[in-house]
>>> print(open('query.cif').read())   # mmCIF, C-alpha atoms and all ligand atoms
data_my_file
#
loop_
_atom_site.label_atom_id
_atom_site.label_comp_id
_atom_site.auth_asym_id
_atom_site.auth_seq_id
_atom_site.Cartn_x
_atom_site.Cartn_y
_atom_site.Cartn_z
CA ALA A 1 0.00 0.00 0.00
CA ASP A 2 1.07 3.59 -0.63
CA ARG A 3 2.81 4.98 2.42
CA LYS A 4 5.04 7.51 0.63
CA SER A 5 2.58 10.11 -0.66
CA ILE A 6 1.21 12.66 1.79
CA GLY A 7 -2.22 11.99 0.25
CA SER A 8 -2.03 8.41 1.54
CA TRP A 9 -1.47 9.78 5.07
CA GLU A 10 -4.53 12.03 4.70
CA ARG A 11 -6.61 9.04 3.57
CA ALA A 12 -5.31 7.01 6.52
CA LYS A 13 -6.46 9.75 8.89
CA ARG A 14 -9.92 9.85 7.31
CA ASN A 15 -10.18 6.05 7.57
CA GLY A 16 -8.96 5.99 11.16
CA GLU A 17 -5.88 3.90 10.26
CA ARG A 18 -2.96 4.45 12.62
CA ARG A 19 0.49 4.79 11.12
CA ALA A 20 3.96 4.37 12.61
CA LEU A 21 7.12 6.34 11.99
CA ILE A 22 10.61 5.90 13.36
CA THR A 23 13.79 7.91 13.07
CA ALA A 24 16.76 6.64 11.09
CA TYR A 25 20.03 8.25 10.20
CA ASP A 26 21.69 5.95 7.68
CA TYR A 27 21.14 3.48 4.83
CA PRO A 28 21.20 0.09 6.59
CA PHE A 29 18.76 1.02 9.34
CA ALA A 30 16.44 2.83 6.92
CA LYS A 31 16.39 -0.30 4.78
CA LEU A 32 15.60 -2.48 7.81
CA ALA A 33 12.83 -0.12 8.94
CA GLU A 34 11.22 -0.20 5.51
CA ALA A 35 11.47 -4.01 5.38
CA ALA A 36 9.83 -4.12 8.83
CA GLY A 37 6.83 -2.28 7.40
CA ILE A 38 7.29 1.15 8.93
CA ASP A 39 5.21 3.85 7.21
CA GLY A 40 7.47 6.87 7.53
CA ILE A 41 11.04 7.68 8.48
CA LEU A 42 12.26 10.90 10.08
CA ILE A 43 15.84 11.99 9.68
CA GLY A 44 15.66 13.75 13.03
CA ASP A 45 18.12 16.28 14.32
CA SER A 46 18.07 13.92 17.32
CA LEU A 47 21.08 12.54 15.44
CA GLY A 48 23.00 15.14 17.42
CA MET A 49 22.46 12.90 20.43
CA THR A 50 22.00 9.40 18.99
CA VAL A 51 24.83 9.54 16.44
CA GLN A 52 27.07 12.46 17.36
CA GLY A 53 27.13 12.09 21.14
CA GLU A 54 26.06 15.67 21.85
CA ARG A 55 23.86 16.75 24.78
CA ASP A 56 21.20 18.36 22.58
CA THR A 57 20.34 19.07 18.94
CA LEU A 58 21.68 22.61 18.67
CA ARG A 59 24.98 21.89 16.87
CA VAL A 60 23.53 19.81 14.04
CA THR A 61 24.14 21.53 10.70
CA LEU A 62 22.11 21.66 7.50
CA GLU A 63 25.00 20.04 5.64
CA GLN A 64 24.86 17.08 8.05
CA MET A 65 21.08 16.78 7.64
CA VAL A 66 21.47 16.73 3.86
CA TYR A 67 24.12 14.00 4.13
CA HIS A 68 21.99 11.77 6.39
CA THR A 69 18.80 12.42 4.40
CA GLY A 70 20.45 11.10 1.24
CA MET A 71 21.49 7.86 2.94
CA VAL A 72 18.06 7.26 4.48
CA ALA A 73 16.16 8.09 1.29
CA ARG A 74 18.25 5.55 -0.65
CA GLY A 75 17.54 2.91 1.97
CA ALA A 76 13.76 3.37 2.15
CA PRO A 77 12.35 4.36 -1.24
CA ALA A 78 8.79 3.24 -0.37
CA CYS A 79 8.41 5.16 2.91
CA LEU A 80 7.49 8.77 3.56
CA ILE A 81 10.82 10.53 4.13
CA MET A 82 10.68 13.46 6.55
CA ALA A 83 13.75 15.57 7.32
CA ASP A 84 14.30 18.09 10.12
CA LEU A 85 15.36 21.66 9.43
CA PRO A 86 18.12 22.03 12.05
CA PHE A 87 18.56 24.92 14.48
CA GLY A 88 19.76 28.07 12.71
CA SER A 89 18.76 26.96 9.20
CA PHE A 90 15.24 28.45 8.99
CA GLU A 91 14.38 30.88 11.81
CA ALA A 92 15.79 34.05 10.23
CA GLY A 93 12.97 34.21 7.73
CA PRO A 94 10.98 32.51 4.99
CA ALA A 95 13.69 32.95 2.34
CA GLN A 96 16.32 31.29 4.53
CA ALA A 97 13.88 28.49 5.32
CA PHE A 98 13.12 27.93 1.64
CA ALA A 99 16.81 27.75 0.68
CA SER A 100 17.44 25.17 3.42
CA ALA A 101 14.29 23.15 2.74
CA ALA A 102 15.13 22.96 -0.96
CA GLN A 103 18.42 21.25 -0.08
CA LEU A 104 16.59 18.62 1.99
CA LEU A 105 14.08 17.96 -0.80
CA LYS A 106 16.92 17.60 -3.32
CA ALA A 107 18.55 15.10 -0.93
CA GLY A 108 15.40 12.94 -1.00
CA ALA A 109 12.98 14.30 1.60
CA ASP A 110 9.25 14.20 0.82
CA ILE A 111 8.44 16.69 3.58
CA VAL A 112 10.48 18.89 5.92
CA LYS A 113 9.79 19.37 9.62
CA LEU A 114 10.38 22.60 11.51
CA GLU A 115 9.95 23.49 15.17
CA GLY A 116 7.77 26.35 16.32
CA GLY A 117 4.20 27.54 16.77
CA ALA A 118 2.72 30.94 15.94
CA ALA A 119 6.15 32.39 15.08
CA MET A 120 6.46 29.95 12.17
CA VAL A 121 3.06 30.49 10.54
CA GLU A 122 4.40 32.94 7.94
CA THR A 123 7.31 30.65 7.05
CA VAL A 124 5.04 27.62 6.74
CA GLY A 125 2.82 29.60 4.34
CA PHE A 126 5.83 30.71 2.30
CA LEU A 127 7.21 27.18 1.95
CA SER A 128 3.80 25.64 1.25
CA ALA A 129 3.19 28.10 -1.59
CA ARG A 130 6.57 27.15 -3.08
CA ALA A 131 6.46 23.37 -3.48
CA VAL A 132 7.75 22.46 -0.02
CA PRO A 133 5.49 20.24 2.11
CA VAL A 134 5.92 21.07 5.80
CA CYS A 135 5.29 19.24 9.07
CA ALA A 136 4.97 21.66 12.00
CA HIS A 137 6.53 20.42 15.27
CA ILE A 138 4.85 21.85 18.40
CA GLY A 139 4.71 21.09 22.12
CA LEU A 140 8.19 20.23 23.40
CA THR A 141 10.51 21.64 20.76
CA PRO A 142 14.04 20.47 21.64
CA GLN A 143 15.76 23.25 19.66
CA HIS A 144 14.25 25.65 22.22
CA VAL A 145 15.91 23.85 25.14
CA ARG A 146 17.94 26.89 26.27
CA GLN A 147 14.78 28.98 26.46
CA LEU A 148 12.66 26.22 28.02
CA GLY A 149 15.34 25.42 30.61
CA GLY A 150 15.21 21.68 29.95
CA PHE A 151 13.27 18.96 28.19
CA ARG A 152 9.91 19.39 29.89
CA LYS A 153 6.34 18.39 29.19
CA GLN A 154 4.39 21.24 27.54
CA GLY A 155 0.76 22.38 27.39
CA LYS A 156 0.03 21.57 31.01
CA THR A 157 -1.93 24.71 31.92
CA GLU A 158 -5.27 25.60 30.38
CA ASP A 159 -3.74 28.73 28.81
CA ALA A 160 -0.84 26.83 27.30
CA ALA A 161 -3.18 24.16 25.94
CA ALA A 162 -5.49 26.76 24.38
CA ARG A 163 -2.51 28.48 22.75
CA MET A 164 -1.27 25.18 21.35
CA ILE A 165 -4.67 24.40 19.82
CA GLU A 166 -4.66 27.87 18.20
CA ASP A 167 -1.11 27.39 16.94
CA ALA A 168 -1.91 24.00 15.41
CA ALA A 169 -4.98 25.39 13.66
CA ALA A 170 -3.03 28.41 12.34
CA LEU A 171 -0.15 26.23 11.08
CA ALA A 172 -2.54 23.86 9.28
CA GLU A 173 -4.45 26.85 7.87
CA ALA A 174 -1.15 28.28 6.58
CA GLY A 175 -0.52 25.05 4.69
CA ALA A 176 1.26 22.63 7.03
CA ARG A 177 0.51 19.12 5.72
CA MET A 178 1.17 17.42 9.08
CA VAL A 179 1.48 18.42 12.72
CA LEU A 180 3.86 16.65 15.11
CA MET A 181 3.29 17.02 18.86
CA GLU A 182 5.91 16.12 21.45
CA ALA A 183 5.50 15.66 25.22
CA ILE A 184 2.02 17.05 25.82
CA PRO A 185 -1.00 15.71 27.73
CA ALA A 186 -2.88 12.88 25.96
CA GLY A 187 -6.15 14.81 26.01
CA LEU A 188 -4.54 17.75 24.23
CA GLY A 189 -2.99 15.48 21.57
CA ALA A 190 -6.41 13.97 20.89
CA GLU A 191 -8.11 17.37 20.87
CA ILE A 192 -5.69 18.84 18.31
CA THR A 193 -6.02 15.67 16.21
CA ARG A 194 -9.81 16.19 16.09
CA ARG A 195 -9.50 19.91 15.34
CA VAL A 196 -7.06 19.85 12.41
CA ARG A 197 -7.80 18.18 9.09
CA VAL A 198 -4.17 17.19 8.52
CA PRO A 199 -2.60 14.03 9.95
CA THR A 200 -1.04 14.38 13.41
CA ILE A 201 2.00 12.53 14.72
CA GLY A 202 2.62 12.10 18.43
CA ILE A 203 5.61 11.31 20.62
CA GLY A 204 4.72 11.39 24.28
CA ALA A 205 1.37 12.85 23.22
CA GLY A 206 -0.97 9.99 24.12
CA ASN A 207 -2.79 7.47 21.96
CA GLY A 208 -5.23 9.87 20.32
CA THR A 209 -2.94 11.09 17.51
CA ASP A 210 -3.20 9.75 13.95
CA ALA A 211 0.37 8.41 13.95
CA GLN A 212 3.17 7.72 16.42
CA ILE A 213 6.92 8.23 16.18
CA LEU A 214 9.83 7.01 18.29
CA VAL A 215 13.58 7.43 18.08
CA MET A 216 15.24 4.33 16.56
CA HIS A 217 17.97 4.11 19.20
CA ASP A 218 15.34 4.09 21.97
CA VAL A 219 13.25 1.38 20.24
CA LEU A 220 16.31 -0.83 19.72
CA GLY A 221 17.83 -0.23 23.14
CA LEU A 222 21.03 1.14 21.63
CA THR A 223 21.41 4.25 23.75
CA GLY A 224 22.99 2.49 26.71
CA GLY A 225 21.83 5.47 28.70
CA TYR A 226 18.90 7.83 29.14
CA VAL A 227 15.60 6.93 27.46
CA PRO A 228 12.67 9.36 27.80
CA GLY A 229 9.77 8.08 29.90
CA PHE A 230 7.35 8.07 26.96
CA ALA A 231 9.56 5.86 24.78
CA LYS A 232 9.29 2.07 24.72
CA VAL A 233 12.37 -0.13 24.37
CA TYR A 234 11.61 -3.20 22.21
CA ALA A 235 15.04 -4.88 22.13
CA ASP A 236 18.32 -5.07 24.02
CA GLY A 237 20.31 -3.90 21.02
CA ALA A 238 23.25 -2.65 23.07
CA ARG A 239 23.77 -6.13 24.53
CA MET A 240 23.46 -7.83 21.13
CA VAL A 241 26.09 -5.56 19.59
CA ARG A 242 28.41 -5.82 22.61
CA GLU A 243 28.24 -9.62 22.60
CA ALA A 244 28.85 -9.96 18.85
CA ILE A 245 31.85 -7.62 18.88
CA GLY A 246 33.15 -9.22 22.08
CA ALA A 247 32.90 -12.70 20.53
CA TYR A 248 34.82 -11.59 17.46
CA ALA A 249 37.58 -9.93 19.51
CA GLU A 250 37.86 -12.99 21.73
CA GLU A 251 38.19 -15.32 18.71
CA VAL A 252 41.00 -13.16 17.34
CA ARG A 253 42.84 -13.24 20.66
CA THR A 254 42.46 -17.00 21.04
CA GLY A 255 43.34 -17.79 17.41
CA ILE A 256 39.91 -19.18 16.45
CA PHE A 257 39.37 -16.47 13.85
CA PRO A 258 40.47 -16.42 11.10
CA PRO A 259 40.77 -20.16 10.43
CA ALA A 260 44.07 -21.52 9.19
CA GLU A 261 42.71 -22.16 5.68
O1 LIG B 301 14.70 14.70 15.96
C1 LIG B 301 13.82 13.87 16.25
O2 LIG B 301 14.08 12.66 16.41
C2 LIG B 301 12.44 14.33 16.41
C3 LIG B 301 11.43 13.37 16.94
C4 LIG B 301 11.68 13.09 18.38
C5 LIG B 301 10.05 13.80 16.67
O3 LIG B 301 12.17 15.47 16.11
NA NA B 302 13.94 16.85 15.75
#
>>> encode(input="query.cif", output="structure tokens")
Amino acid sequence: ADRKSIGSWERAKRNGERRALITAYDYPFAKLAEAAGIDGILIGDSLGMTVQGERDTLRVTLEQMVYHTGMVARGAPACLIMADLPFGSFEAGPAQAFASAAQLLKAGADIVKLEGGAAMVETVGFLSARAVPVCAHIGLTPQHVRQLGGFRKQGKTEDAAARMIEDAAALAEAGARMVLMEAIPAGLGAEITRRVRVPTIGIGAGNGTDAQILVMHDVLGLTGGYVPGFAKVYADGARMVREAIGAYAEEVRTGIFPPAE
């Protein structure tokens, strides 16, 4: 079934079919995710943490996002490919955002994602009118971590929730084709999903969103460290990798590998 076109995601929403996305950052894991039947893949700027070992996403560059987007797009030609606009590549204005988004589309993205609510409405309109499909990321927006003072749940007060509903409606009205919500109350995720016509994606946003997304390294248990409370770990990947590499090293030391012939 079509999972690549944005139209197929809109049909899924209308039919009440839930879809699953995951992040990936390179060719082999994108290929595995597609083979596993995932619907969409995000090249997230979370690669700053999962791949680069940074504390947050702020140092990820557009050039790096373009590089990783190309690898993922080649690995998963049948999935929706979403790529993050990294911090500093779009906030200065619509023209800057368009120049950056164009690079991600050329690298193989079907849709770009950008963080921000009301402040990004104009930019979303500009991109949407110029051939760039946009997913608006609201709620906890990790690029705003310095301003937020940490990675905290958002939309907890009535005022904040009302503002988020308004922001989501305004972003969709401006042309956003999808809305992603991170770390907000489940009721608010469901409410926004009912209010906007476009498909919603949740992470730590309850079970009332049209689709869900998780970070690959959390799902596979590869982080060996902190996993956010809303994530679910489906495998002990760190142990599997450690044991395989350990077995190889041990065989070299003991002369079992390589064999004499
Ligand atoms: O960068 C990322 O992985 C994300 C998801 C957590 C939504 O933006
Ligand atoms: Na991100």
>>> residues_near_ligand(input="query.cif", ligand="ligand LIG 301 (chain B)", cutoff="6 Å", atoms="all atoms listed in the file", output="ChimeraX atom specification")
/A:23,44-46,215
>>> residues_around(input="query.cif", residues="Lys113 in chain A", least_positions_apart="2", cutoff="7 Å", atoms="only C-alpha atoms", output="ChimeraX atom specification")
/A:82-85,111,115,134-137
>>> closest_residue(input="query.cif", among="A:Gly206, A:Pro86, A:Gly40, A:Pro199", to="Pro185 in chain A", atoms="all atoms listed in the file")
A:Gly206
>>> closest_residue(input="query.cif", among="A:Arg239, A:Arg146, A:Lys153, A:Arg197", to="Arg177 in chain A", atoms="all atoms listed in the file")
A:Arg197
>>> residues_around(input="query.cif", residues="Ala102 in chain A", least_positions_apart="5", cutoff="10 Å", atoms="all atoms listed in the file", output="PyMOL selection string")
chain A and resi 97+107+109+112+127+130-132
>>> decode(input="query.cif", residues="range 46-186 of chain A", atoms="C-alpha atoms", output="PDB file, in the first residue's frame")
ATOM      1  CA  SER A  46      18.065  13.919  17.322  1.00  0.00           C
ATOM      2  CA  LEU A  47      21.078  12.540  15.443  1.00  0.00           C
ATOM      3  CA  GLY A  48      23.002  15.143  17.424  1.00  0.00           C
ATOM      4  CA  MET A  49      22.462  12.896  20.428  1.00  0.00           C
ATOM      5  CA  THR A  50      21.999   9.400  18.988  1.00  0.00           C
ATOM      6  CA  VAL A  51      24.829   9.539  16.443  1.00  0.00           C
ATOM      7  CA  GLN A  52      27.071  12.464  17.358  1.00  0.00           C
ATOM      8  CA  GLY A  53      27.128  12.094  21.142  1.00  0.00           C
ATOM      9  CA  GLU A  54      26.061  15.667  21.847  1.00  0.00           C
ATOM     10  CA  ARG A  55      23.855  16.748  24.778  1.00  0.00           C
ATOM     11  CA  ASP A  56      21.201  18.359  22.581  1.00  0.00           C
ATOM     12  CA  THR A  57      20.339  19.072  18.943  1.00  0.00           C
ATOM     13  CA  LEU A  58      21.685  22.611  18.670  1.00  0.00           C
ATOM     14  CA  ARG A  59      24.981  21.895  16.871  1.00  0.00           C
ATOM     15  CA  VAL A  60      23.528  19.812  14.043  1.00  0.00           C
ATOM     16  CA  THR A  61      24.139  21.531  10.698  1.00  0.00           C
ATOM     17  CA  LEU A  62      22.106  21.658   7.497  1.00  0.00           C
ATOM     18  CA  GLU A  63      24.999  20.045   5.642  1.00  0.00           C
ATOM     19  CA  GLN A  64      24.860  17.076   8.051  1.00  0.00           C
ATOM     20  CA  MET A  65      21.080  16.785   7.642  1.00  0.00           C
ATOM     21  CA  VAL A  66      21.472  16.727   3.856  1.00  0.00           C
ATOM     22  CA  TYR A  67      24.125  13.998   4.134  1.00  0.00           C
ATOM     23  CA  HIS A  68      21.994  11.771   6.395  1.00  0.00           C
ATOM     24  CA  THR A  69      18.799  12.422   4.403  1.00  0.00           C
ATOM     25  CA  GLY A  70      20.446  11.100   1.242  1.00  0.00           C
ATOM     26  CA  MET A  71      21.486   7.859   2.943  1.00  0.00           C
ATOM     27  CA  VAL A  72      18.055   7.261   4.481  1.00  0.00           C
ATOM     28  CA  ALA A  73      16.159   8.095   1.288  1.00  0.00           C
ATOM     29  CA  ARG A  74      18.247   5.554  -0.652  1.00  0.00           C
ATOM     30  CA  GLY A  75      17.538   2.908   1.974  1.00  0.00           C
ATOM     31  CA  ALA A  76      13.765   3.373   2.153  1.00  0.00           C
ATOM     32  CA  PRO A  77      12.353   4.360  -1.243  1.00  0.00           C
ATOM     33  CA  ALA A  78       8.788   3.237  -0.366  1.00  0.00           C
ATOM     34  CA  CYS A  79       8.414   5.163   2.913  1.00  0.00           C
ATOM     35  CA  LEU A  80       7.485   8.775   3.563  1.00  0.00           C
ATOM     36  CA  ILE A  81      10.824  10.525   4.134  1.00  0.00           C
ATOM     37  CA  MET A  82      10.680  13.461   6.549  1.00  0.00           C
ATOM     38  CA  ALA A  83      13.745  15.574   7.324  1.00  0.00           C
ATOM     39  CA  ASP A  84      14.302  18.091  10.118  1.00  0.00           C
ATOM     40  CA  LEU A  85      15.358  21.659   9.431  1.00  0.00           C
ATOM     41  CA  PRO A  86      18.122  22.035  12.049  1.00  0.00           C
ATOM     42  CA  PHE A  87      18.565  24.919  14.484  1.00  0.00           C
ATOM     43  CA  GLY A  88      19.756  28.069  12.709  1.00  0.00           C
ATOM     44  CA  SER A  89      18.763  26.964   9.201  1.00  0.00           C
ATOM     45  CA  PHE A  90      15.242  28.455   8.988  1.00  0.00           C
ATOM     46  CA  GLU A  91      14.377  30.878  11.808  1.00  0.00           C
ATOM     47  CA  ALA A  92      15.791  34.053  10.235  1.00  0.00           C
ATOM     48  CA  GLY A  93      12.973  34.209   7.732  1.00  0.00           C
ATOM     49  CA  PRO A  94      10.977  32.511   4.991  1.00  0.00           C
ATOM     50  CA  ALA A  95      13.695  32.952   2.343  1.00  0.00           C
ATOM     51  CA  GLN A  96      16.318  31.292   4.534  1.00  0.00           C
ATOM     52  CA  ALA A  97      13.883  28.493   5.315  1.00  0.00           C
ATOM     53  CA  PHE A  98      13.123  27.929   1.643  1.00  0.00           C
ATOM     54  CA  ALA A  99      16.814  27.751   0.679  1.00  0.00           C
ATOM     55  CA  SER A 100      17.437  25.174   3.423  1.00  0.00           C
ATOM     56  CA  ALA A 101      14.290  23.150   2.738  1.00  0.00           C
ATOM     57  CA  ALA A 102      15.131  22.956  -0.958  1.00  0.00           C
ATOM     58  CA  GLN A 103      18.418  21.252  -0.079  1.00  0.00           C
ATOM     59  CA  LEU A 104      16.588  18.624   1.991  1.00  0.00           C
ATOM     60  CA  LEU A 105      14.078  17.956  -0.800  1.00  0.00           C
ATOM     61  CA  LYS A 106      16.922  17.603  -3.317  1.00  0.00           C
ATOM     62  CA  ALA A 107      18.549  15.096  -0.933  1.00  0.00           C
ATOM     63  CA  GLY A 108      15.401  12.939  -1.002  1.00  0.00           C
ATOM     64  CA  ALA A 109      12.981  14.299   1.599  1.00  0.00           C
ATOM     65  CA  ASP A 110       9.253  14.202   0.819  1.00  0.00           C
ATOM     66  CA  ILE A 111       8.444  16.690   3.584  1.00  0.00           C
ATOM     67  CA  VAL A 112      10.480  18.889   5.924  1.00  0.00           C
ATOM     68  CA  LYS A 113       9.793  19.375   9.618  1.00  0.00           C
ATOM     69  CA  LEU A 114      10.379  22.598  11.514  1.00  0.00           C
ATOM     70  CA  GLU A 115       9.949  23.488  15.171  1.00  0.00           C
ATOM     71  CA  GLY A 116       7.771  26.346  16.317  1.00  0.00           C
ATOM     72  CA  GLY A 117       4.199  27.540  16.774  1.00  0.00           C
ATOM     73  CA  ALA A 118       2.718  30.942  15.944  1.00  0.00           C
ATOM     74  CA  ALA A 119       6.148  32.387  15.083  1.00  0.00           C
ATOM     75  CA  MET A 120       6.462  29.945  12.174  1.00  0.00           C
ATOM     76  CA  VAL A 121       3.056  30.488  10.544  1.00  0.00           C
ATOM     77  CA  GLU A 122       4.398  32.935   7.941  1.00  0.00           C
ATOM     78  CA  THR A 123       7.308  30.654   7.055  1.00  0.00           C
ATOM     79  CA  VAL A 124       5.035  27.622   6.744  1.00  0.00           C
ATOM     80  CA  GLY A 125       2.821  29.597   4.341  1.00  0.00           C
ATOM     81  CA  PHE A 126       5.829  30.706   2.297  1.00  0.00           C
ATOM     82  CA  LEU A 127       7.211  27.178   1.945  1.00  0.00           C
ATOM     83  CA  SER A 128       3.802  25.642   1.250  1.00  0.00           C
ATOM     84  CA  ALA A 129       3.194  28.097  -1.595  1.00  0.00           C
ATOM     85  CA  ARG A 130       6.566  27.148  -3.082  1.00  0.00           C
ATOM     86  CA  ALA A 131       6.462  23.370  -3.479  1.00  0.00           C
ATOM     87  CA  VAL A 132       7.751  22.456  -0.021  1.00  0.00           C
ATOM     88  CA  PRO A 133       5.486  20.238   2.110  1.00  0.00           C
ATOM     89  CA  VAL A 134       5.918  21.068   5.797  1.00  0.00           C
ATOM     90  CA  CYS A 135       5.285  19.244   9.066  1.00  0.00           C
ATOM     91  CA  ALA A 136       4.973  21.655  12.000  1.00  0.00           C
ATOM     92  CA  HIS A 137       6.533  20.421  15.272  1.00  0.00           C
ATOM     93  CA  ILE A 138       4.850  21.848  18.402  1.00  0.00           C
ATOM     94  CA  GLY A 139       4.715  21.087  22.124  1.00  0.00           C
ATOM     95  CA  LEU A 140       8.187  20.235  23.404  1.00  0.00           C
ATOM     96  CA  THR A 141      10.510  21.640  20.755  1.00  0.00           C
ATOM     97  CA  PRO A 142      14.037  20.475  21.638  1.00  0.00           C
ATOM     98  CA  GLN A 143      15.758  23.250  19.663  1.00  0.00           C
ATOM     99  CA  HIS A 144      14.246  25.655  22.224  1.00  0.00           C
ATOM    100  CA  VAL A 145      15.906  23.848  25.144  1.00  0.00           C
ATOM    101  CA  ARG A 146      17.938  26.886  26.275  1.00  0.00           C
ATOM    102  CA  GLN A 147      14.781  28.981  26.456  1.00  0.00           C
ATOM    103  CA  LEU A 148      12.661  26.217  28.022  1.00  0.00           C
ATOM    104  CA  GLY A 149      15.342  25.425  30.608  1.00  0.00           C
ATOM    105  CA  GLY A 150      15.207  21.682  29.953  1.00  0.00           C
ATOM    106  CA  PHE A 151      13.271  18.956  28.188  1.00  0.00           C
ATOM    107  CA  ARG A 152       9.911  19.390  29.893  1.00  0.00           C
ATOM    108  CA  LYS A 153       6.341  18.394  29.187  1.00  0.00           C
ATOM    109  CA  GLN A 154       4.389  21.243  27.538  1.00  0.00           C
ATOM    110  CA  GLY A 155       0.761  22.382  27.390  1.00  0.00           C
ATOM    111  CA  LYS A 156       0.026  21.569  31.008  1.00  0.00           C
ATOM    112  CA  THR A 157      -1.928  24.714  31.917  1.00  0.00           C
ATOM    113  CA  GLU A 158      -5.272  25.600  30.382  1.00  0.00           C
ATOM    114  CA  ASP A 159      -3.740  28.726  28.814  1.00  0.00           C
ATOM    115  CA  ALA A 160      -0.840  26.835  27.298  1.00  0.00           C
ATOM    116  CA  ALA A 161      -3.175  24.164  25.941  1.00  0.00           C
ATOM    117  CA  ALA A 162      -5.492  26.763  24.384  1.00  0.00           C
ATOM    118  CA  ARG A 163      -2.511  28.483  22.754  1.00  0.00           C
ATOM    119  CA  MET A 164      -1.269  25.183  21.349  1.00  0.00           C
ATOM    120  CA  ILE A 165      -4.667  24.404  19.817  1.00  0.00           C
ATOM    121  CA  GLU A 166      -4.663  27.875  18.196  1.00  0.00           C
ATOM    122  CA  ASP A 167      -1.109  27.393  16.939  1.00  0.00           C
ATOM    123  CA  ALA A 168      -1.906  23.997  15.407  1.00  0.00           C
ATOM    124  CA  ALA A 169      -4.976  25.390  13.655  1.00  0.00           C
ATOM    125  CA  ALA A 170      -3.032  28.405  12.340  1.00  0.00           C
ATOM    126  CA  LEU A 171      -0.151  26.231  11.078  1.00  0.00           C
ATOM    127  CA  ALA A 172      -2.542  23.863   9.280  1.00  0.00           C
ATOM    128  CA  GLU A 173      -4.453  26.846   7.870  1.00  0.00           C
ATOM    129  CA  ALA A 174      -1.146  28.282   6.584  1.00  0.00           C
ATOM    130  CA  GLY A 175      -0.519  25.051   4.689  1.00  0.00           C
ATOM    131  CA  ALA A 176       1.258  22.632   7.035  1.00  0.00           C
ATOM    132  CA  ARG A 177       0.506  19.119   5.720  1.00  0.00           C
ATOM    133  CA  MET A 178       1.167  17.421   9.076  1.00  0.00           C
ATOM    134  CA  VAL A 179       1.481  18.419  12.723  1.00  0.00           C
ATOM    135  CA  LEU A 180       3.857  16.649  15.113  1.00  0.00           C
ATOM    136  CA  MET A 181       3.293  17.018  18.856  1.00  0.00           C
ATOM    137  CA  GLU A 182       5.908  16.116  21.449  1.00  0.00           C
ATOM    138  CA  ALA A 183       5.497  15.657  25.222  1.00  0.00           C
ATOM    139  CA  ILE A 184       2.020  17.054  25.820  1.00  0.00           C
ATOM    140  CA  PRO A 185      -1.005  15.707  27.728  1.00  0.00           C
ATOM    141  CA  ALA A 186      -2.875  12.880  25.961  1.00  0.00           C
TER     142      ALA A 186
END
